[in-house]
Amino acid sequence: MSIQEVWAQHDSEQLQEKTSSVLPYAHYFHSGVMARGLVRRSGRSGVHGLVHIRIQQRNGRKTLTTVQGLSAEYDLKKIVRSCKKEFACNGTVIEHPEYGEVLQLQGDQRENICQWLTKVGLAKPDQLKVHGF
């Protein structure tokens, strides 16, 4: 696995072209206003088992989407930050007594998070298990 700081997404794309044969999975994490970010590259996806994606009913029509099972080697707070920007929702990382660190996103984001996790290479489609309704 490799983590590289880059100044622009264009730099990330150039690195991807040069290293894709050795490190096929990559994701660019945009850090904000300064146009600086991190690129994570790996020879395997970031999940060892299944990723469980669940929806929980709150009150009325409000729901929460939870994601459990991502590898502990990732900074889940950066993943949540990226998801919040991508899906235009709020989110956080909670410490669950049984499941460890769990991502929580507001609303029904099950389809969005499945597509995003496969797009960035954190999980393969066969590693995703969607629960609920």
# chains A, B, ... in the order shown; residues from 1 in each chain; ligands from 1
>>> residues_around(residues="segment 102-119 of chain A", least_positions_apart="4", cutoff="9 Å", atoms="only C-alpha atoms", output="ChimeraX atom specification")
/A:27,53-56,62-70,76-77,79-80,83-84,86-87,89-96,123-125,128,130-131
>>> select_by_dssp(residues="segment 50-107 of chain A", states="strand (DSSP E or B)", output="number ranges by chain")
A: 51-57, 63-68, 91-96, 100-106
>>> decode(residues="segment 104-132 of chain A", atoms="C-alpha atoms", output="PDB file, in the first residue's frame")
ATOM      1  CA  GLN A 104     -22.872   6.918   9.895  1.00  0.00           C
ATOM      2  CA  LEU A 105     -24.385   8.986   7.085  1.00  0.00           C
ATOM      3  CA  GLN A 106     -27.675  10.879   7.175  1.00  0.00           C
ATOM      4  CA  GLY A 107     -30.417   9.653   4.881  1.00  0.00           C
ATOM      5  CA  ASP A 108     -30.711   6.560   2.719  1.00  0.00           C
ATOM      6  CA  GLN A 109     -27.242   6.476   1.136  1.00  0.00           C
ATOM      7  CA  ARG A 110     -27.080   2.700   0.562  1.00  0.00           C
ATOM      8  CA  GLU A 111     -26.892   2.870  -3.231  1.00  0.00           C
ATOM      9  CA  ASN A 112     -24.557   5.882  -3.212  1.00  0.00           C
ATOM     10  CA  ILE A 113     -22.089   4.335  -0.764  1.00  0.00           C
ATOM     11  CA  CYS A 114     -22.029   1.029  -2.670  1.00  0.00           C
ATOM     12  CA  GLN A 115     -21.180   2.797  -5.921  1.00  0.00           C
ATOM     13  CA  TRP A 116     -18.619   5.058  -4.238  1.00  0.00           C
ATOM     14  CA  LEU A 117     -16.795   2.227  -2.414  1.00  0.00           C
ATOM     15  CA  THR A 118     -16.388   0.271  -5.652  1.00  0.00           C
ATOM     16  CA  LYS A 119     -15.449   3.383  -7.665  1.00  0.00           C
ATOM     17  CA  VAL A 120     -12.596   4.338  -5.329  1.00  0.00           C
ATOM     18  CA  GLY A 121     -11.405   0.759  -4.904  1.00  0.00           C
ATOM     19  CA  LEU A 122     -12.103   0.335  -1.195  1.00  0.00           C
ATOM     20  CA  ALA A 123     -14.336  -2.685  -1.831  1.00  0.00           C
ATOM     21  CA  LYS A 124     -15.364  -4.997  -4.641  1.00  0.00           C
ATOM     22  CA  PRO A 125     -19.072  -5.426  -5.436  1.00  0.00           C
ATOM     23  CA  ASP A 126     -19.069  -8.995  -4.111  1.00  0.00           C
ATOM     24  CA  GLN A 127     -17.755  -7.752  -0.736  1.00  0.00           C
ATOM     25  CA  LEU A 128     -20.747  -5.442  -0.173  1.00  0.00           C
ATOM     26  CA  LYS A 129     -23.732  -6.711   1.809  1.00  0.00           C
ATOM     27  CA  VAL A 130     -26.718  -4.326   1.846  1.00  0.00           C
ATOM     28  CA  HIS A 131     -29.290  -4.769   4.631  1.00  0.00           C
ATOM     29  CA  GLY A 132     -32.630  -3.113   5.333  1.00  0.00           C
TER      30      GLY A 132
END
